[in-house]
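What's in run.pdb: PDB, C-alpha atoms
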ATOM      1  CA  MET A  13     -32.248  -0.006   9.269
ATOM      2  CA  GLN A  14     -31.823   0.367   5.497
ATOM      3  CA  HIS A  15     -29.098  -1.787   3.951
ATOM      4  CA  THR A  16     -26.670   0.202   1.828
ATOM      5  CA  GLU A  17     -24.131  -1.367  -0.509
ATOM      6  CA  PRO A  18     -20.718   0.042  -1.406
ATOM      7  CA  ASP A  19     -20.689   2.073  -4.603
ATOM      8  CA  ASN A  20     -17.589   0.267  -5.845
ATOM      9  CA  LEU A  21     -19.086  -3.236  -5.906
ATOM     10  CA  ILE A  22     -19.306  -5.818  -8.705
ATOM     11  CA  PHE A  23     -21.195  -9.028  -7.915
ATOM     12  CA  GLY A  24     -21.618 -12.332  -9.730
ATOM     13  CA  ILE A  25     -18.964 -14.604 -11.205
ATOM     14  CA  ARG A  26     -19.425 -13.685 -14.876
ATOM     15  CA  ALA A  27     -19.563  -9.953 -14.112
ATOM     16  CA  VAL A  28     -16.306 -10.138 -12.155
ATOM     17  CA  ILE A  29     -14.598 -12.180 -14.910
ATOM     18  CA  GLU A  30     -15.638  -9.619 -17.521
ATOM     19  CA  ALA A  31     -14.433  -6.723 -15.336
ATOM     20  CA  VAL A  32     -11.012  -8.347 -14.889
ATOM     21  CA  GLU A  33     -10.701  -9.167 -18.595
ATOM     22  CA  ALA A  34     -11.673  -5.604 -19.484
ATOM     23  CA  GLY A  35      -8.765  -4.285 -17.432
ATOM     24  CA  GLN A  36     -10.916  -2.800 -14.692
ATOM     25  CA  GLU A  37      -8.733  -1.906 -11.681
ATOM     26  CA  ILE A  38      -9.853  -4.314  -8.942
ATOM     27  CA  ASP A  39      -8.915  -3.694  -5.303
ATOM     28  CA  LYS A  40      -9.798  -7.208  -4.108
ATOM     29  CA  ILE A  41     -12.164 -10.106  -4.727
ATOM     30  CA  PHE A  42     -14.131 -11.967  -2.055
ATOM     31  CA  VAL A  43     -14.913 -15.585  -2.909
ATOM     32  CA  LYS A  44     -17.117 -17.935  -0.891
ATOM     33  CA  LYS A  45     -14.880 -20.475   0.860
ATOM     34  CA  ASP A  46     -16.357 -23.642  -0.633
ATOM     35  CA  LEU A  47     -17.061 -22.267  -4.113
ATOM     36  CA  GLN A  48     -16.615 -24.977  -6.750
ATOM     37  CA  SER A  49     -18.012 -24.764 -10.260
ATOM     38  CA  GLU A  50     -16.792 -24.614 -13.831
ATOM     39  CA  LEU A  51     -17.426 -20.879 -13.892
ATOM     40  CA  SER A  52     -15.486 -20.358 -10.679
ATOM     41  CA  LYS A  53     -12.555 -22.264 -12.210
ATOM     42  CA  GLU A  54     -12.697 -19.819 -15.114
ATOM     43  CA  LEU A  55     -12.614 -16.931 -12.622
ATOM     44  CA  PHE A  56      -9.519 -18.294 -10.861
ATOM     45  CA  ALA A  57      -7.813 -18.853 -14.212
ATOM     46  CA  THR A  58      -8.624 -15.290 -15.268
ATOM     47  CA  VAL A  59      -7.264 -13.763 -12.069
ATOM     48  CA  ARG A  60      -4.128 -15.924 -11.966
ATOM     49  CA  GLY A  61      -0.988 -13.901 -12.678
ATOM     50  CA  ARG A  62      -2.731 -10.580 -12.160
ATOM     51  CA  ASN A  63      -2.038  -8.304  -9.229
ATOM     52  CA  ILE A  64      -5.455  -8.845  -7.617
ATOM     53  CA  PRO A  65      -5.923 -10.195  -4.071
ATOM     54  CA  VAL A  66      -8.465 -13.025  -3.860
ATOM     55  CA  VAL A  67      -9.787 -13.638  -0.340
ATOM     56  CA  LYS A  68     -11.837 -16.728   0.573
ATOM     57  CA  VAL A  69     -14.484 -15.748   3.125
ATOM     58  CA  PRO A  70     -17.637 -17.245   4.698
ATOM     59  CA  VAL A  71     -20.707 -16.632   2.557
ATOM     60  CA  GLU A  72     -22.229 -14.736   5.492
ATOM     61  CA  LYS A  73     -19.633 -12.018   5.042
ATOM     62  CA  ILE A  74     -20.612 -11.571   1.405
ATOM     63  CA  ASP A  75     -24.312 -11.607   2.324
ATOM     64  CA  ARG A  76     -23.697  -8.733   4.742
ATOM     65  CA  ILE A  77     -22.214  -6.671   1.912
ATOM     66  CA  THR A  78     -24.877  -7.352  -0.735
ATOM     67  CA  ARG A  79     -28.233  -9.100  -0.809
ATOM     68  CA  LYS A  80     -28.190  -9.469  -4.569
ATOM     69  CA  ASN A  81     -27.440 -12.689  -6.473
ATOM     70  CA  HIS A  82     -23.681 -12.653  -5.985
ATOM     71  CA  GLN A  83     -23.110 -16.367  -6.695
ATOM     72  CA  GLY A  84     -20.460 -16.384  -3.980
ATOM     73  CA  VAL A  85     -18.257 -13.754  -5.634
ATOM     74  CA  ILE A  86     -17.965  -9.993  -5.231
ATOM     75  CA  ALA A  87     -15.241  -7.607  -6.343
ATOM     76  CA  PHE A  88     -14.381  -4.118  -5.170
ATOM     77  CA  ILE A  89     -13.357  -1.614  -7.835
ATOM     78  CA  SER A  90     -10.295   0.411  -6.926
ATOM     79  CA  PRO A  91     -10.643   4.195  -7.216
ATOM     80  CA  VAL A  92      -6.993   4.442  -8.310
ATOM     81  CA  SER A  93      -4.862   2.801 -10.981
ATOM     82  CA  TYR A  94      -1.869   1.090  -9.423
ATOM     83  CA  ALA A  95       1.637   1.672 -10.757
ATOM     84  CA  ARG A  96       4.410  -0.943 -10.876
ATOM     85  CA  THR A  97       7.603  -0.246  -8.978
ATOM     86  CA  THR A  98       9.738  -1.985 -11.599
ATOM     87  CA  GLN A  99       8.473   0.448 -14.231
ATOM     88  CA  LEU A 100       8.260   3.559 -12.069
ATOM     89  CA  ILE A 101      11.836   3.675 -10.734
ATOM     90  CA  PRO A 102      13.543   3.532 -14.165
ATOM     91  CA  SER A 103      11.214   6.266 -15.407
ATOM     92  CA  LEU A 104      12.145   8.511 -12.462
ATOM     93  CA  TYR A 105      15.831   8.129 -13.304
ATOM     94  CA  GLU A 106      15.084   8.832 -16.973
ATOM     95  CA  GLU A 107      13.383  12.078 -15.921
ATOM     96  CA  GLY A 108      16.555  13.069 -14.058
ATOM     97  CA  LYS A 109      14.974  12.766 -10.627
ATOM     98  CA  ASN A 110      16.553  11.779  -7.330
ATOM     99  CA  PRO A 111      13.969   9.100  -6.387
ATOM    100  CA  PHE A 112      12.203   9.257  -3.029
ATOM    101  CA  VAL A 113       9.605   6.583  -2.301
ATOM    102  CA  VAL A 114       7.823   5.592   0.888
ATOM    103  CA  VAL A 115       7.232   1.900   1.599
ATOM    104  CA  LEU A 116       4.418   0.986   4.002
ATOM    105  CA  ASP A 117       4.825  -2.449   5.568
ATOM    106  CA  GLY A 118       1.700  -3.761   7.279
ATOM    107  CA  ILE A 119      -0.090  -0.447   7.842
ATOM    108  CA  THR A 120      -3.746  -1.469   7.886
ATOM    109  CA  ASP A 121      -5.436   1.548   9.467
ATOM    110  CA  VAL A 122      -7.157   3.529   6.717
ATOM    111  CA  ARG A 123      -6.806   6.849   8.505
ATOM    112  CA  ASN A 124      -3.091   6.436   9.074
ATOM    113  CA  PHE A 125      -2.644   5.362   5.471
ATOM    114  CA  GLY A 126      -4.582   8.360   4.194
ATOM    115  CA  ALA A 127      -2.694  10.773   6.447
ATOM    116  CA  ILE A 128       0.677   9.407   5.299
ATOM    117  CA  ALA A 129      -0.403   9.661   1.658
ATOM    118  CA  ARG A 130      -1.388  13.300   2.227
ATOM    119  CA  THR A 131       2.047  14.085   3.673
ATOM    120  CA  CYS A 132       3.780  12.230   0.826
ATOM    121  CA  GLU A 133       1.892  14.190  -1.812
ATOM    122  CA  CYS A 134       2.460  17.540  -0.074
ATOM    123  CA  ALA A 135       6.186  16.805   0.260
ATOM    124  CA  GLY A 136       6.627  15.725  -3.351
ATOM    125  CA  VAL A 137       7.401  12.059  -2.625
ATOM    126  CA  ASP A 138       7.545  10.178  -5.924
ATOM    127  CA  ALA A 139       5.459   7.131  -4.943
ATOM    128  CA  ILE A 140       4.007   5.024  -2.155
ATOM    129  CA  VAL A 141       4.661   1.269  -2.188
ATOM    130  CA  ILE A 142       2.305  -1.110  -0.337
ATOM    131  CA  GLY A 143       1.821  -4.850  -0.119
ATOM    132  CA  GLN A 144      -0.995  -6.615  -1.926
ATOM    133  CA  THR A 145      -2.060  -8.121   1.416
ATOM    134  CA  GLY A 146      -1.798  -6.733   4.925
ATOM    135  CA  SER A 147      -2.312  -3.140   3.811
ATOM    136  CA  ALA A 148      -5.123  -0.665   4.263
ATOM    137  CA  PRO A 149      -7.532  -0.577   1.318
ATOM    138  CA  ILE A 150      -7.707   2.441  -0.927
ATOM    139  CA  ASN A 151     -11.372   3.237  -0.469
ATOM    140  CA  ALA A 152     -13.512   6.325  -0.014
ATOM    141  CA  ASP A 153     -12.388   6.737   3.611
ATOM    142  CA  ALA A 154      -8.709   6.552   2.671
ATOM    143  CA  ILE A 155      -9.152   9.074  -0.120
ATOM    144  CA  LYS A 156     -11.094  11.415   2.169
ATOM    145  CA  THR A 157      -8.449  11.175   4.918
ATOM    146  CA  SER A 158      -5.744  11.843   2.349
ATOM    147  CA  ALA A 159      -7.636  14.960   1.182
ATOM    148  CA  GLY A 160      -7.545  13.504  -2.324
ATOM    149  CA  ALA A 161      -3.791  12.919  -2.275
ATOM    150  CA  LEU A 162      -4.241   9.246  -3.193
ATOM    151  CA  LEU A 163      -5.659  10.409  -6.513
ATOM    152  CA  ASN A 164      -2.539  12.475  -7.178
ATOM    153  CA  ILE A 165       0.417  10.298  -6.200
ATOM    154  CA  PRO A 166       1.481   6.971  -7.737
ATOM    155  CA  VAL A 167       0.672   3.980  -5.530
ATOM    156  CA  CYS A 168       2.444   0.685  -6.248
ATOM    157  CA  ARG A 169       0.629  -2.345  -4.843
ATOM    158  CA  GLU A 170       3.010  -5.289  -4.950
ATOM    159  CA  HIS A 171       2.452  -9.012  -4.429
ATOM    160  CA  ASN A 172       5.911  -9.601  -2.918
ATOM    161  CA  LEU A 173       7.015  -6.608  -0.862
ATOM    162  CA  PRO A 174      10.449  -7.993   0.143
ATOM    163  CA  TYR A 175      11.225  -8.673  -3.527
ATOM    164  CA  VAL A 176      10.308  -5.085  -4.390
ATOM    165  CA  VAL A 177      12.414  -3.669  -1.549
ATOM    166  CA  ASN A 178      15.354  -5.697  -2.867
ATOM    167  CA  PHE A 179      14.621  -4.314  -6.345
ATOM    168  CA  LEU A 180      14.806  -0.792  -4.915
ATOM    169  CA  LYS A 181      18.228  -1.589  -3.430
ATOM    170  CA  GLU A 182      19.465  -3.012  -6.721
ATOM    171  CA  SER A 183      18.167   0.123  -8.453
ATOM    172  CA  GLY A 184      20.447   2.319  -6.351
ATOM    173  CA  LEU A 185      18.046   3.440  -3.621
ATOM    174  CA  SER A 186      19.209   3.450  -0.024
ATOM    175  CA  VAL A 187      16.512   1.721   2.041
ATOM    176  CA  ILE A 188      15.974   3.480   5.384
ATOM    177  CA  ALA A 189      13.919   1.861   8.120
ATOM    178  CA  ALA A 190      12.128   3.728  10.876
ATOM    179  CA  SER A 191      12.697   1.722  14.059
ATOM    180  CA  GLU A 192      12.549   2.408  17.794
ATOM    181  CA  LYS A 193      15.553   0.087  18.160
ATOM    182  CA  ALA A 194      17.788   2.092  15.810
ATOM    183  CA  VAL A 195      20.987   3.663  17.076
ATOM    184  CA  ASP A 196      21.029   6.733  14.824
ATOM    185  CA  ASN A 197      18.564   9.563  15.355
ATOM    186  CA  TYR A 198      16.553  10.534  12.301
ATOM    187  CA  ASP A 199      18.535  13.742  11.755
ATOM    188  CA  GLN A 200      21.948  12.050  11.776
ATOM    189  CA  ILE A 201      21.987  10.438   8.335
ATOM    190  CA  ASP A 202      22.222  11.631   4.737
ATOM    191  CA  TYR A 203      18.931  11.713   2.829
ATOM    192  CA  ASN A 204      20.273  13.553  -0.217
ATOM    193  CA  LYS A 205      20.411  10.444  -2.395
ATOM    194  CA  PRO A 206      17.885   8.050  -3.916
ATOM    195  CA  ILE A 207      15.971   6.704  -0.909
ATOM    196  CA  ALA A 208      13.143   4.406   0.094
ATOM    197  CA  LEU A 209      11.769   5.186   3.557
ATOM    198  CA  VAL A 210      10.134   2.152   5.188
ATOM    199  CA  MET A 211       7.434   2.619   7.821
ATOM    200  CA  GLY A 212       6.003  -0.358   9.709
ATOM    201  CA  ALA A 213       2.808  -0.975  11.631
ATOM    202  CA  GLU A 214       2.573   0.582  15.096
ATOM    203  CA  ASP A 215       2.056  -2.773  16.831
ATOM    204  CA  LYS A 216       4.423  -5.063  14.895
ATOM    205  CA  GLY A 217       6.874  -2.679  13.263
ATOM    206  CA  ILE A 218       8.700  -3.619  10.086
ATOM    207  CA  SER A 219       8.790  -7.334   9.280
ATOM    208  CA  ASP A 220      12.068  -9.156   9.923
ATOM    209  CA  GLU A 221      12.402 -10.050   6.239
ATOM    210  CA  ILE A 222      12.195  -6.444   5.108
ATOM    211  CA  MET A 223      14.260  -5.117   8.021
ATOM    212  CA  ALA A 224      17.100  -7.433   6.967
ATOM    213  CA  LEU A 225      17.137  -5.692   3.575
ATOM    214  CA  CYS A 226      17.348  -2.153   4.958
ATOM    215  CA  ASP A 227      20.617  -0.256   4.600
ATOM    216  CA  GLU A 228      20.070   2.112   7.524
ATOM    217  CA  GLN A 229      17.803   2.440  10.554
ATOM    218  CA  VAL A 230      16.722   5.657  12.232
ATOM    219  CA  ARG A 231      14.788   6.499  15.356
ATOM    220  CA  ILE A 232      12.831   9.510  16.572
ATOM    221  CA  PRO A 233      13.907  10.166  20.194
ATOM    222  CA  MET A 234      11.076  10.137  22.746
ATOM    223  CA  ARG A 235      11.311  12.600  25.637
ATOM    224  CA  GLY A 236       7.980  11.896  27.327
ATOM    225  CA  ASN A 237       6.464   8.862  28.994
ATOM    226  CA  ILE A 238       4.770   7.444  25.884
ATOM    227  CA  GLU A 239       7.187   5.243  23.965
ATOM    228  CA  SER A 240       6.128   5.877  20.387
ATOM    229  CA  LEU A 241       4.376   8.247  17.994
ATOM    230  CA  ASN A 242       1.417   7.570  15.778
ATOM    231  CA  VAL A 243       2.860   6.156  12.556
ATOM    232  CA  SER A 244       1.446   8.936  10.378
ATOM    233  CA  VAL A 245       3.037  11.582  12.637
ATOM    234  CA  ALA A 246       6.354   9.712  12.613
ATOM    235  CA  ALA A 247       6.212   9.449   8.829
ATOM    236  CA  GLY A 248       5.616  13.190   8.572
ATOM    237  CA  ILE A 249       8.655  13.982  10.706
ATOM    238  CA  LEU A 250      10.937  11.683   8.703
ATOM    239  CA  ILE A 251       9.633  12.722   5.294
ATOM    240  CA  TYR A 252      10.176  16.407   5.976
ATOM    241  CA  GLU A 253      13.600  15.772   7.494
ATOM    242  CA  ALA A 254      14.494  14.069   4.227
ATOM    243  CA  ILE A 255      13.071  16.973   2.202
ATOM    244  CA  LYS A 256      15.131  19.438   4.280
ATOM    245  CA  HIS A 257      18.334  17.588   3.372
ATOM    246  CA  ARG A 258      17.382  17.223  -0.273
ATOM    247  CA  ASP A 259      16.567  20.931  -0.626
ATOM    248  CA  LEU A 260      19.992  22.100   0.585
TER     249      LEU A 260
END

Give the structure from the file, written as structure tokens.
Amino acid sequence: MQHTEPDNLIFGIRAVIEAVEAGQEIDKIFVKKDLQSELSKELFATVRGRNIPVVKVPVEKIDRITRKNHQGVIAFISPVSYARTTQLIPSLYEEGKNPFVVVLDGITDVRNFGAIARTCECAGVDAIVIGQTGSAPINADAIKTSAGALLNIPVCREHNLPYVVNFLKESGLSVIAASEKAVDNYDQIDYNKPIALVMGAEDKGISDEIMALCDEQVRIPMRGNIESLNVSVAAGILIYEAIKHRDL
């Protein structure tokens, strides 16, 4: 079987350093677990303080991705340029908008991520906020599933998601959590205000830390035997309920 490498790959320590210094948008960097050299120290110093995930992995994992002289380091170029929530929200207010962002907490399935992004773009959501770790990558599959929406909507990838959710609250957004345990049904609250809708992973839901920051919780009532919807379907229902209120 012919070995094929990803098109978005940079390999070799110096090449990755130069890409980072040049401002290339990097999705993540894989580094061999026991990598220790002067050049690797320069790499870590270059990446420090930047919004780039660095993952230490067994060298075998890197070897499966590329057979070229990677020196224990490969980087994946992101197909999108990430926005910063702290810059985006003030600009939305300056434009006279009523901000509506969707926060994805721990959604790792690429297809769900892409489907939610497609709904967000179609509905006119202002931005999607994801965590730097524990989130689905924005790769070719995600872009395909989103029908290109990920190329047309701001995505904010943040190192500290709870901090950013708190920033949204302090910026005047009402943070609404989707939860099976909520008392209020999704159509019983007011969405016609600045809002951040938080969707959690299907298996774990929204993290306790982020849930504690949410102002309201809503549920979608289940009438069948299955207890929950696919997260992308649930997101679609809630997003368009919000749009219905905001269009009145």

Practice task
Give me the residues within 8 Å of A:Lys44 as a ChimeraX atom specification, counting all atoms listed in the file and dropping any in the same chain fewer than 4 places off.
Solution key: /A:68-71,74,84-85

Please enclose the listed atoms of stretch 184-200 of chain A in an axis-aligned box, pad each side by 6 Å, and write out the centre and the three edge lengths in Å, rounded to one decimal, as lines of an AutoDock Vina configuration file.
center_x = 17.0
center_y = 6.9
center_z = 5.9
size_x = 21.8
size_y = 25.7
size_z = 36.5

Handout entry: Answer key for the PyMOL selection byres ((chain A and resi 28) around 12), residues as a VMD selection string
Key = chain A and resid 21 to 27 29 to 43 51 to 52 54 to 56 58 to 59 64 66 82 to 89

Stretch 204-256 of chain A residues near stretch 172-177 of chain A within 9 Å, closest pair each, using only C-alpha atoms, as a Markdown table:
| residue | atom | partner | partner_atom | distance |
| --- | --- | --- | --- | --- |
| A:Ala208 | CA | A:Val177 | CA | 8.3 |
| A:Glu221 | CA | A:Pro174 | CA | 6.7 |
| A:Ile222 | CA | A:Pro174 | CA | 5.5 |
| A:Leu225 | CA | A:Val177 | CA | 7.3 |
| A:Cys226 | CA | A:Val177 | CA | 8.3 |

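Minimum distance to A:Leu180 across A:Pro206, A:Pro233, A:Gly118, A:Pro65 (counting only C-alpha atoms) occurs at A:Pro206.
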
Practice task
Measuring atom to atom with all atoms listed in the file, identify which of A:Val195, A:Ala135, A:Ile155, A:Asn204 is nearest to A:Ile249.
Solution key: A:Ala135

Restore N, CA and C atoms in stretch 166-182 of chain A and list the result as a PDB file, in the coordinates of the input.
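Writing done, so here's out-v4.pdb:
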ATOM      1  N   PRO A 166       1.447   8.379  -7.337  1.00  0.00           N
ATOM      2  CA  PRO A 166       1.481   6.971  -7.737  1.00  0.00           C
ATOM      3  C   PRO A 166       1.509   6.042  -6.518  1.00  0.00           C
ATOM      4  N   VAL A 167       0.669   5.012  -6.566  1.00  0.00           N
ATOM      5  CA  VAL A 167       0.672   3.980  -5.530  1.00  0.00           C
ATOM      6  C   VAL A 167       1.000   2.653  -6.209  1.00  0.00           C
ATOM      7  N   CYS A 168       2.030   1.990  -5.715  1.00  0.00           N
ATOM      8  CA  CYS A 168       2.444   0.685  -6.248  1.00  0.00           C
ATOM      9  C   CYS A 168       1.994  -0.387  -5.270  1.00  0.00           C
ATOM     10  N   ARG A 169       1.072  -1.229  -5.690  1.00  0.00           N
ATOM     11  CA  ARG A 169       0.629  -2.345  -4.843  1.00  0.00           C
ATOM     12  C   ARG A 169       1.305  -3.613  -5.345  1.00  0.00           C
ATOM     13  N   GLU A 170       2.142  -4.194  -4.502  1.00  0.00           N
ATOM     14  CA  GLU A 170       3.010  -5.289  -4.950  1.00  0.00           C
ATOM     15  C   GLU A 170       2.710  -6.592  -4.216  1.00  0.00           C
ATOM     16  N   HIS A 171       2.739  -7.687  -4.979  1.00  0.00           N
ATOM     17  CA  HIS A 171       2.452  -9.012  -4.429  1.00  0.00           C
ATOM     18  C   HIS A 171       3.526  -9.452  -3.439  1.00  0.00           C
ATOM     19  N   ASN A 172       4.793  -9.155  -3.739  1.00  0.00           N
ATOM     20  CA  ASN A 172       5.911  -9.601  -2.918  1.00  0.00           C
ATOM     21  C   ASN A 172       6.716  -8.382  -2.483  1.00  0.00           C
ATOM     22  N   LEU A 173       6.389  -7.857  -1.312  1.00  0.00           N
ATOM     23  CA  LEU A 173       7.015  -6.608  -0.862  1.00  0.00           C
ATOM     24  C   LEU A 173       8.521  -6.761  -0.623  1.00  0.00           C
ATOM     25  N   PRO A 174       8.995  -7.842  -0.004  1.00  0.00           N
ATOM     26  CA  PRO A 174      10.449  -7.993   0.143  1.00  0.00           C
ATOM     27  C   PRO A 174      11.183  -8.009  -1.199  1.00  0.00           C
ATOM     28  N   TYR A 175      10.605  -8.657  -2.193  1.00  0.00           N
ATOM     29  CA  TYR A 175      11.225  -8.673  -3.527  1.00  0.00           C
ATOM     30  C   TYR A 175      11.349  -7.251  -4.065  1.00  0.00           C
ATOM     31  N   VAL A 176      10.308  -6.456  -3.873  1.00  0.00           N
ATOM     32  CA  VAL A 176      10.308  -5.085  -4.390  1.00  0.00           C
ATOM     33  C   VAL A 176      11.318  -4.228  -3.634  1.00  0.00           C
ATOM     34  N   VAL A 177      11.416  -4.412  -2.323  1.00  0.00           N
ATOM     35  CA  VAL A 177      12.414  -3.669  -1.549  1.00  0.00           C
ATOM     36  C   VAL A 177      13.820  -4.017  -2.041  1.00  0.00           C
ATOM     37  N   ASN A 178      14.058  -5.288  -2.328  1.00  0.00           N
ATOM     38  CA  ASN A 178      15.354  -5.697  -2.867  1.00  0.00           C
ATOM     39  C   ASN A 178      15.589  -5.076  -4.244  1.00  0.00           C
ATOM     40  N   PHE A 179      14.516  -4.979  -5.040  1.00  0.00           N
ATOM     41  CA  PHE A 179      14.621  -4.314  -6.345  1.00  0.00           C
ATOM     42  C   PHE A 179      15.020  -2.847  -6.165  1.00  0.00           C
ATOM     43  N   LEU A 180      14.456  -2.193  -5.174  1.00  0.00           N
ATOM     44  CA  LEU A 180      14.806  -0.792  -4.915  1.00  0.00           C
ATOM     45  C   LEU A 180      16.294  -0.666  -4.584  1.00  0.00           C
ATOM     46  N   LYS A 181      16.792  -1.585  -3.767  1.00  0.00           N
ATOM     47  CA  LYS A 181      18.228  -1.589  -3.430  1.00  0.00           C
ATOM     48  C   LYS A 181      19.073  -1.765  -4.688  1.00  0.00           C
ATOM     49  N   GLU A 182      18.702  -2.736  -5.502  1.00  0.00           N
ATOM     50  CA  GLU A 182      19.465  -3.012  -6.721  1.00  0.00           C
ATOM     51  C   GLU A 182      19.382  -1.860  -7.721  1.00  0.00           C
TER      52      GLU A 182
END
